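Source file: query.txt (compact mmCIF, C-alpha atoms)
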```
# COMPACT_ATOMS: atom_id res chain seq x y z
CA MET A 1 41.49 -17.06 192.64
CA MET A 2 40.43 -20.53 191.60
CA PHE A 3 36.97 -19.17 190.75
CA ALA A 4 38.45 -16.45 188.51
CA GLY A 5 40.59 -19.04 186.69
CA ASP A 6 37.59 -21.28 186.09
CA SER A 7 35.51 -18.35 184.83
CA LEU A 8 38.19 -17.32 182.34
CA ARG A 9 38.65 -20.88 181.15
CA ARG A 10 34.93 -21.04 180.29
CA PHE A 11 35.52 -18.44 177.59
CA MET A 12 38.64 -20.07 176.14
CA TYR A 13 36.93 -21.60 173.11
CA LEU A 14 34.91 -18.45 172.41
CA VAL A 15 38.07 -16.31 172.58
CA MET A 16 39.92 -18.75 170.32
CA GLU A 17 37.12 -18.64 167.74
CA VAL A 18 36.82 -14.86 167.83
CA GLN A 19 40.60 -14.48 167.50
CA ILE A 20 40.71 -16.59 164.33
CA ILE A 21 37.53 -15.23 162.72
CA ALA A 22 38.12 -11.58 163.64
CA GLY A 23 41.80 -11.83 162.66
CA VAL A 24 40.98 -13.05 159.15
CA ALA A 25 38.05 -10.62 158.78
CA PHE A 26 40.29 -7.74 159.89
CA PHE A 27 42.85 -8.41 157.17
CA LEU A 28 40.23 -8.97 154.45
CA TRP A 29 38.39 -5.76 155.27
CA LEU A 30 41.57 -3.77 155.93
CA PHE A 31 42.93 -4.47 152.44
CA HIS A 32 39.59 -4.24 150.62
CA PHE A 33 37.40 -1.93 152.69
CA PRO A 34 35.84 0.21 149.91
CA PHE A 35 35.18 -2.83 147.69
CA LEU A 36 33.62 -4.94 150.47
CA ARG A 37 31.67 -1.99 151.91
CA SER A 38 30.05 -1.46 148.51
CA ARG A 39 28.81 -5.06 148.68
CA TRP A 40 27.79 -5.22 152.34
CA ARG A 41 24.13 -6.05 151.59
CA GLN A 42 25.15 -8.95 149.38
CA ILE A 43 27.51 -10.23 152.11
CA LEU A 44 24.90 -9.86 154.86
CA LEU A 45 22.27 -11.64 152.78
CA GLY A 46 24.73 -14.44 152.08
CA VAL A 47 25.51 -14.83 155.81
CA LEU A 48 21.78 -15.01 156.60
CA LEU A 49 21.20 -17.53 153.81
CA VAL A 50 24.03 -19.83 154.88
CA SER A 51 23.21 -19.50 158.61
CA ALA A 52 19.52 -20.24 157.98
CA TYR A 53 20.59 -23.55 156.47
CA THR A 54 23.47 -24.62 158.73
CA LEU A 55 22.24 -23.55 162.20
CA PRO A 56 19.08 -25.71 162.21
CA ILE A 57 21.05 -28.76 160.99
CA ASP A 58 23.63 -28.18 163.72
CA ALA A 59 20.88 -27.80 166.32
CA LEU A 60 19.18 -31.01 165.15
CA SER A 61 22.43 -32.98 165.14
CA ALA A 62 23.48 -31.99 168.67
CA PRO A 63 21.03 -34.27 170.55
CA SER A 64 21.92 -37.25 168.34
CA GLY A 65 25.03 -38.06 170.35
CA TRP A 66 27.81 -37.13 167.92
CA GLY A 67 30.14 -36.54 170.86
CA GLY A 68 30.38 -34.11 173.71
CA ILE A 69 31.65 -30.76 174.87
CA ASN A 70 33.90 -30.18 177.86
CA GLN A 71 31.77 -27.73 179.82
CA ALA A 72 34.88 -26.32 181.51
CA TYR A 73 35.90 -24.61 178.24
CA VAL A 74 32.60 -23.24 176.96
CA SER A 75 30.47 -20.28 178.01
CA GLY A 76 27.38 -22.31 178.85
CA ILE A 77 25.25 -19.68 177.07
CA TYR A 78 22.65 -21.35 174.87
CA LEU A 79 20.60 -19.63 172.14
CA PHE A 80 17.56 -20.52 170.06
CA GLY A 81 15.60 -22.09 172.88
CA GLY A 82 18.62 -23.83 174.37
CA SER A 83 19.38 -25.76 171.19
CA LEU A 84 22.69 -24.13 170.23
CA LEU A 85 25.70 -23.06 172.23
CA LEU A 86 26.82 -19.45 171.70
CA GLU A 87 30.16 -20.71 170.39
CA GLU A 88 28.42 -22.73 167.65
CA VAL A 89 26.40 -19.72 166.51
CA VAL A 90 29.56 -17.59 166.47
CA PHE A 91 31.32 -20.28 164.43
CA TRP A 92 28.66 -20.51 161.71
CA VAL A 93 27.89 -16.81 161.45
CA GLY A 94 31.56 -15.81 161.72
CA THR A 95 32.95 -18.33 159.25
CA SER A 96 30.15 -17.54 156.78
CA PHE A 97 30.98 -13.85 157.01
CA VAL A 98 34.69 -14.41 156.46
CA THR A 99 34.19 -16.97 153.68
CA ILE A 100 31.68 -14.83 151.79
CA SER A 101 33.87 -11.73 152.13
CA ALA A 102 36.85 -13.68 150.75
CA VAL A 103 34.88 -15.31 147.90
CA THR A 104 33.46 -11.90 146.93
CA ILE A 105 37.04 -10.62 146.50
CA LEU A 106 38.24 -13.76 144.72
CA MET A 107 35.28 -13.75 142.32
CA GLU A 108 35.92 -10.14 141.40
CA LEU A 109 39.49 -11.08 140.49
CA GLU A 110 38.29 -14.04 138.45
CA ARG A 111 35.78 -11.78 136.70
CA ARG A 112 38.68 -9.48 135.78
CA ARG A 113 40.51 -12.45 134.24
CA VAL A 114 43.21 -12.80 136.88
CA PRO A 115 44.60 -16.36 136.45
CA TRP A 116 43.00 -18.90 138.79
CA TRP A 117 46.32 -19.76 140.42
CA LEU A 118 46.84 -16.13 141.36
CA VAL A 119 43.42 -15.18 142.77
CA ALA A 120 44.28 -16.37 146.33
CA ALA A 121 46.86 -13.58 146.48
CA GLY A 122 43.92 -11.16 146.23
CA VAL A 123 43.22 -11.73 149.91
CA VAL A 124 46.08 -9.38 150.81
CA LEU A 125 46.87 -7.63 147.51
CA PRO A 126 44.82 -4.81 145.96
CA ILE A 127 42.28 -5.98 143.38
CA GLU A 128 43.12 -3.19 140.94
CA TRP A 129 46.84 -3.94 141.04
CA LEU A 130 46.41 -7.68 140.52
CA ALA A 131 43.90 -7.12 137.70
CA SER A 132 46.20 -4.67 135.92
CA ARG A 133 49.18 -7.05 136.28
CA ALA A 134 47.08 -9.89 134.87
CA GLY A 135 46.03 -7.68 131.94
CA THR A 136 49.64 -6.74 131.21
CA GLU A 137 50.70 -10.36 131.30
CA ALA A 138 47.83 -11.40 129.00
CA ARG A 139 48.79 -8.71 126.47
CA ARG A 140 52.45 -9.79 126.65
CA LEU A 141 51.53 -13.43 125.98
CA SER A 142 49.24 -12.51 123.08
CA GLY A 143 51.91 -10.24 121.58
CA ASP A 144 49.70 -7.12 121.73
CA PRO A 145 51.47 -3.82 122.51
CA MET B 1 23.14 -39.32 163.22
CA ASN B 2 26.77 -40.11 162.39
CA TYR B 3 29.26 -37.49 161.35
CA THR B 4 29.29 -38.58 157.71
CA LEU B 5 25.54 -38.02 157.43
CA LEU B 6 25.97 -34.60 159.01
CA LEU B 7 28.70 -33.81 156.46
CA LEU B 8 26.42 -34.93 153.63
CA LEU B 9 23.64 -32.66 154.89
CA LEU B 10 25.91 -29.68 155.51
CA GLY B 11 28.23 -30.07 152.54
CA ALA B 12 27.47 -32.56 149.81
CA VAL B 13 23.69 -32.08 149.48
CA PRO B 14 23.73 -28.29 148.98
CA LEU B 15 26.81 -28.50 146.73
CA VAL B 16 25.34 -31.21 144.50
CA ALA B 17 22.01 -29.33 144.39
CA LEU B 18 23.71 -26.06 143.47
CA TRP B 19 25.97 -27.67 140.92
CA SER B 20 23.07 -29.59 139.37
CA PHE B 21 20.60 -26.75 139.12
CA CYS B 22 22.99 -23.83 138.62
CA PRO B 23 26.11 -25.20 136.87
CA ARG B 24 27.00 -21.74 135.59
CA LEU B 25 27.59 -20.61 139.18
CA ILE B 26 30.45 -23.09 139.45
CA GLY B 27 31.79 -22.51 135.97
CA ARG B 28 32.15 -18.81 136.65
CA GLN B 29 34.01 -19.18 139.92
CA ARG B 30 36.03 -22.40 139.84
CA GLY B 31 39.27 -20.62 140.71
CA SER B 32 37.66 -18.74 143.60
CA LEU B 33 36.17 -21.90 145.11
CA ALA B 34 39.43 -23.83 144.77
CA SER B 35 41.28 -20.91 146.34
CA ILE B 36 38.88 -20.61 149.26
CA VAL B 37 39.42 -24.29 150.12
CA GLY B 38 43.17 -23.71 149.97
CA LEU B 39 42.84 -20.71 152.29
CA ILE B 40 40.42 -22.27 154.79
CA LEU B 41 42.37 -25.48 155.42
CA PRO B 42 45.54 -23.87 156.87
CA VAL B 43 43.46 -21.41 158.93
CA GLY B 44 40.77 -23.78 160.23
CA VAL B 45 42.50 -27.11 160.68
CA PRO B 46 45.13 -26.13 163.32
CA GLY B 47 42.43 -24.62 165.58
CA GLU B 48 40.28 -27.71 165.11
CA MET B 49 43.22 -29.99 165.91
CA ALA B 50 43.89 -28.02 169.09
CA SER B 51 40.25 -28.27 170.15
CA VAL B 52 39.41 -31.92 169.48
CA GLY B 53 39.99 -34.05 172.53
CA ARG B 54 40.29 -31.03 174.77
CA ILE B 55 37.24 -28.81 174.22
CA TRP B 56 35.05 -31.40 172.53
CA TYR B 57 35.28 -34.97 171.37
CA TYR B 58 33.63 -37.18 168.80
CA ALA B 59 31.94 -40.37 169.94
CA PRO B 60 33.92 -43.23 168.31
CA ARG B 61 30.71 -44.73 166.89
CA VAL B 62 29.98 -41.63 164.75
CA ILE B 63 33.35 -41.42 162.96
CA TRP B 64 35.22 -43.79 160.62
CA GLY B 65 38.40 -43.90 162.70
CA PRO B 66 41.35 -42.53 160.65
CA ARG B 67 42.72 -39.33 162.12
CA LEU B 68 45.22 -36.62 161.22
CA SER B 69 46.82 -36.08 164.60
CA SER B 70 43.72 -35.70 166.80
CA LEU B 71 41.43 -34.66 163.96
CA PRO B 72 39.12 -37.26 162.37
CA VAL B 73 39.38 -37.28 158.56
CA GLU B 74 35.75 -36.18 158.48
CA GLY B 75 36.91 -32.93 160.10
CA LEU B 76 39.17 -32.31 157.10
CA ALA B 77 36.29 -33.09 154.75
CA PHE B 78 34.17 -30.59 156.64
CA PHE B 79 36.69 -27.79 156.14
CA ALA B 80 37.06 -28.73 152.46
CA THR B 81 33.30 -28.46 151.82
CA ASP B 82 32.45 -25.56 154.12
CA GLY B 83 34.04 -22.91 151.89
CA PRO B 84 32.32 -23.90 148.63
CA VAL B 85 28.96 -24.32 150.43
CA ALA B 86 29.10 -20.78 151.82
CA GLY B 87 30.90 -19.32 148.84
CA THR B 88 28.89 -20.64 145.90
CA PRO B 89 25.50 -19.02 146.43
CA ALA B 90 26.54 -16.07 148.55
CA PRO B 91 27.98 -13.64 146.00
CA HIS B 92 24.82 -14.09 143.95
CA ALA B 93 22.44 -13.69 146.88
CA GLY B 94 21.90 -10.02 146.22
CA GLY B 95 21.82 -10.40 142.48
CA GLY B 96 25.56 -9.81 142.12
CA LYS B 97 27.16 -6.56 141.18
```

Can the structure from this file be put into structure tokens for me?
Amino acid sequence: MMFAGDSLRRFMYLVMEVQIIAGVAFFLWLFHFPFLRSRWRQILLGVLLVSAYTLPIDALSAPSGWGGINQAYVSGIYLFGGSLLLEEVVFWVGTSFVTISAVTILMELERRRVPWWLVAAGVVLPIEWLASRAGTEARRLSGDP
Amino acid sequence: MNYTLLLLLLGAVPLVALWSFCPRLIGRQRGSLASIVGLILPVGVPGEMASVGRIWYYAPRVIWGPRLSSLPVEGLAFFATDGPVAGTPAPHAGGGK
């Protein structure tokens, strides 16, 4: 029983990361699936670009003694020749994916002239609806019919 | 390597380089980048605060000292720069749409 508890605890950080990253990604893609699917190559390329920069820096910084990891809470699975913990790779790849998906949505809203203070709402509101509301408001303010 | 240098390498250097060489990228998406910082902080910081001191720790010699709860201020700076670093070049990586 003790062994099972220890084994589960080793995946606590990984599960916590996946819960947060997958939770946010789920909502972004649920509300904007057709839009994001049409840009999947752009998103994938962005994730590769950001990961190719951040992962080597993270791997180089690890041996420099920035701190330490409690081995009881991590998987102990190392990638890239033992230089990076699985959880670190999941963090960089996962957060890049979520960030780029979100920025792709937000930029589309900005391109459609949705006010900057309103674009964050685009995470959970349809792009078309927000853009049409912004257009209506702009016409009202300019006095156009 | 202290944590500030790591932050400079991960955050400030690519941002300054992007903003210097491609200022139009920033001009076109200021609202998006400000929004992504505002969205990342409330999602990322609580998880980080729960992890620091339990799952990992920072060696005192690599951080300045001030903390928000258990989180060193550098951790906040990291979450503030992470979004713009990933978000600035990415939507243009495939030539845009």

- Query: Which neighbours of segment 58-70 of chain A fall inside 7 Å, counting all atoms listed in the file, when residues of the same chain fewer than 2 positions from it are skipped, and could you give them as number ranges by chain?
  - Reply: A: 54-56, 72-73, 83-84; B: 1-3, 55-59, 62

- Quick one, how far is atom CA of Leu71 of chain B from atom CA of Met49 of chain B?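 According to the coordinates, atom CA of Leu71 of chain B and atom CA of Met49 of chain B are separated by 5.4 Å.
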
- Task: Show me which bits of chain A are within 8 Å of chain B, counting all atoms listed in the file, as a VMD selection string.
- Result: chain A and resid 13 16 20 39 41 to 43 45 to 47 49 to 50 54 57 61 64 to 71 73 to 74 96 99 to 100 102 to 104 106 to 107 110 to 111 116 to 117 119 to 120

Let me see the file: selected residues, C-alpha atoms, as an mmCIF file, in the frame of the given file.
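Saved the output as result-v3.cif:
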```
data_model
loop_
_atom_site.group_PDB
_atom_site.id
_atom_site.type_symbol
_atom_site.label_atom_id
_atom_site.label_comp_id
_atom_site.auth_asym_id
_atom_site.auth_seq_id
_atom_site.Cartn_x
_atom_site.Cartn_y
_atom_site.Cartn_z
ATOM 1 C CA TYR A 13 36.930 -21.600 173.110
ATOM 2 C CA MET A 16 39.920 -18.750 170.320
ATOM 3 C CA ILE A 20 40.710 -16.590 164.330
ATOM 4 C CA ARG A 39 28.810 -5.060 148.680
ATOM 5 C CA ARG A 41 24.130 -6.050 151.590
ATOM 6 C CA GLN A 42 25.150 -8.950 149.380
ATOM 7 C CA ILE A 43 27.510 -10.230 152.110
ATOM 8 C CA LEU A 45 22.270 -11.640 152.780
ATOM 9 C CA GLY A 46 24.730 -14.440 152.080
ATOM 10 C CA VAL A 47 25.510 -14.830 155.810
ATOM 11 C CA LEU A 49 21.200 -17.530 153.810
ATOM 12 C CA VAL A 50 24.030 -19.830 154.880
ATOM 13 C CA THR A 54 23.470 -24.620 158.730
ATOM 14 C CA ILE A 57 21.050 -28.760 160.990
ATOM 15 C CA SER A 61 22.430 -32.980 165.140
ATOM 16 C CA SER A 64 21.920 -37.250 168.340
ATOM 17 C CA GLY A 65 25.030 -38.060 170.350
ATOM 18 C CA TRP A 66 27.810 -37.130 167.920
ATOM 19 C CA GLY A 67 30.140 -36.540 170.860
ATOM 20 C CA GLY A 68 30.380 -34.110 173.710
ATOM 21 C CA ILE A 69 31.650 -30.760 174.870
ATOM 22 C CA ASN A 70 33.900 -30.180 177.860
ATOM 23 C CA GLN A 71 31.770 -27.730 179.820
ATOM 24 C CA TYR A 73 35.900 -24.610 178.240
ATOM 25 C CA VAL A 74 32.600 -23.240 176.960
ATOM 26 C CA SER A 96 30.150 -17.540 156.780
ATOM 27 C CA THR A 99 34.190 -16.970 153.680
ATOM 28 C CA ILE A 100 31.680 -14.830 151.790
ATOM 29 C CA ALA A 102 36.850 -13.680 150.750
ATOM 30 C CA VAL A 103 34.880 -15.310 147.900
ATOM 31 C CA THR A 104 33.460 -11.900 146.930
ATOM 32 C CA LEU A 106 38.240 -13.760 144.720
ATOM 33 C CA MET A 107 35.280 -13.750 142.320
ATOM 34 C CA GLU A 110 38.290 -14.040 138.450
ATOM 35 C CA ARG A 111 35.780 -11.780 136.700
ATOM 36 C CA TRP A 116 43.000 -18.900 138.790
ATOM 37 C CA TRP A 117 46.320 -19.760 140.420
ATOM 38 C CA VAL A 119 43.420 -15.180 142.770
ATOM 39 C CA ALA A 120 44.280 -16.370 146.330
#
```

- Hey, which of A:Ser75, A:Arg113, A:Ile127, A:Phe97 ends up closest to Asp6 of chain A? Count all atoms listed in the file.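 Once distances to Asp6 of chain A are computed over all atoms listed in the file, the minimum belongs to A:Ser75.
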
- Calculate how many Å separate atom CA of Pro72 of chain B from atom CA of Leu15 of chain B, rounding to one decimal.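 Separating atom CA of Pro72 of chain B from atom CA of Leu15 of chain B is a distance of 21.7 Å.
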
- Item | Å distance separating atom CA of Ala12 of chain B from atom CA of Leu85 of chain A, one decimal place |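 So the two atoms, atom CA of Ala12 of chain B and atom CA of Leu85 of chain A, lie 24.4 Å apart.
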
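Proximity of A:Ser132, A:Gly94, A:Val124, A:Ile105 to Leu14 of chain A, computed with all atoms listed in the file, is greatest for A:Gly94.
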
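Residue neighbourhood of Phe31 of chain A, excluding near-sequence residues (fewer than 6 positions): Val24, Ala25, Arg37, Ser101, Ala102, Ile105, Ala121, Gly122, Val123, Val124, Leu125, Pro126, Ile127 and Glu128 of chain A, at 12 Å, using all atoms listed in the file.
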
Please write a file for segment 36-54 of chain B, taken from the block I just shared, that holds N, CA and C atoms and is laid out as a short mmCIF file (atom, residue, chain, number, x, y, z; two decimals), in the first residue's frame.
```
data_model
loop_
_atom_site.label_atom_id
_atom_site.label_comp_id
_atom_site.auth_asym_id
_atom_site.auth_seq_id
_atom_site.Cartn_x
_atom_site.Cartn_y
_atom_site.Cartn_z
N ILE B 36 -2.89 38.45 -23.09
CA ILE B 36 -2.36 37.11 -22.77
C ILE B 36 -1.63 37.14 -21.43
N VAL B 37 -0.97 38.26 -21.13
CA VAL B 37 -0.32 38.38 -19.80
C VAL B 37 -1.41 38.35 -18.72
N GLY B 38 -2.48 39.10 -18.95
CA GLY B 38 -3.58 39.14 -17.99
C GLY B 38 -4.27 37.80 -17.81
N LEU B 39 -4.22 36.96 -18.83
CA LEU B 39 -4.85 35.63 -18.72
C LEU B 39 -3.90 34.61 -18.10
N ILE B 40 -2.61 34.73 -18.39
CA ILE B 40 -1.64 33.74 -17.89
C ILE B 40 -1.42 33.89 -16.38
N LEU B 41 -1.35 35.12 -15.89
CA LEU B 41 -1.03 35.31 -14.48
C LEU B 41 -2.01 34.59 -13.54
N PRO B 42 -3.33 34.77 -13.70
CA PRO B 42 -4.24 34.09 -12.76
C PRO B 42 -4.28 32.57 -12.96
N VAL B 43 -3.87 32.08 -14.14
CA VAL B 43 -3.88 30.63 -14.36
C VAL B 43 -2.57 30.01 -13.87
N GLY B 44 -1.45 30.67 -14.16
CA GLY B 44 -0.14 30.07 -13.86
C GLY B 44 0.35 30.27 -12.45
N VAL B 45 0.09 31.46 -11.90
CA VAL B 45 0.70 31.79 -10.60
C VAL B 45 0.20 30.90 -9.45
N PRO B 46 -1.10 30.62 -9.32
CA PRO B 46 -1.52 29.77 -8.20
C PRO B 46 -0.86 28.39 -8.21
N GLY B 47 -0.73 27.78 -9.39
CA GLY B 47 -0.07 26.47 -9.49
C GLY B 47 1.39 26.56 -9.10
N GLU B 48 2.03 27.65 -9.52
CA GLU B 48 3.44 27.87 -9.19
C GLU B 48 3.60 28.06 -7.68
N MET B 49 2.67 28.82 -7.09
CA MET B 49 2.75 29.07 -5.64
C MET B 49 2.57 27.77 -4.86
N ALA B 50 1.72 26.90 -5.39
CA ALA B 50 1.49 25.62 -4.71
C ALA B 50 2.70 24.69 -4.84
N SER B 51 3.47 24.88 -5.90
CA SER B 51 4.58 23.96 -6.16
C SER B 51 5.89 24.36 -5.47
N VAL B 52 6.13 25.67 -5.40
CA VAL B 52 7.41 26.14 -4.85
C VAL B 52 7.48 25.81 -3.36
N GLY B 53 8.57 25.21 -2.99
CA GLY B 53 8.76 24.82 -1.59
C GLY B 53 8.28 23.42 -1.31
N ARG B 54 7.46 22.89 -2.22
CA ARG B 54 6.98 21.53 -2.01
C ARG B 54 7.56 20.59 -3.08
#
```
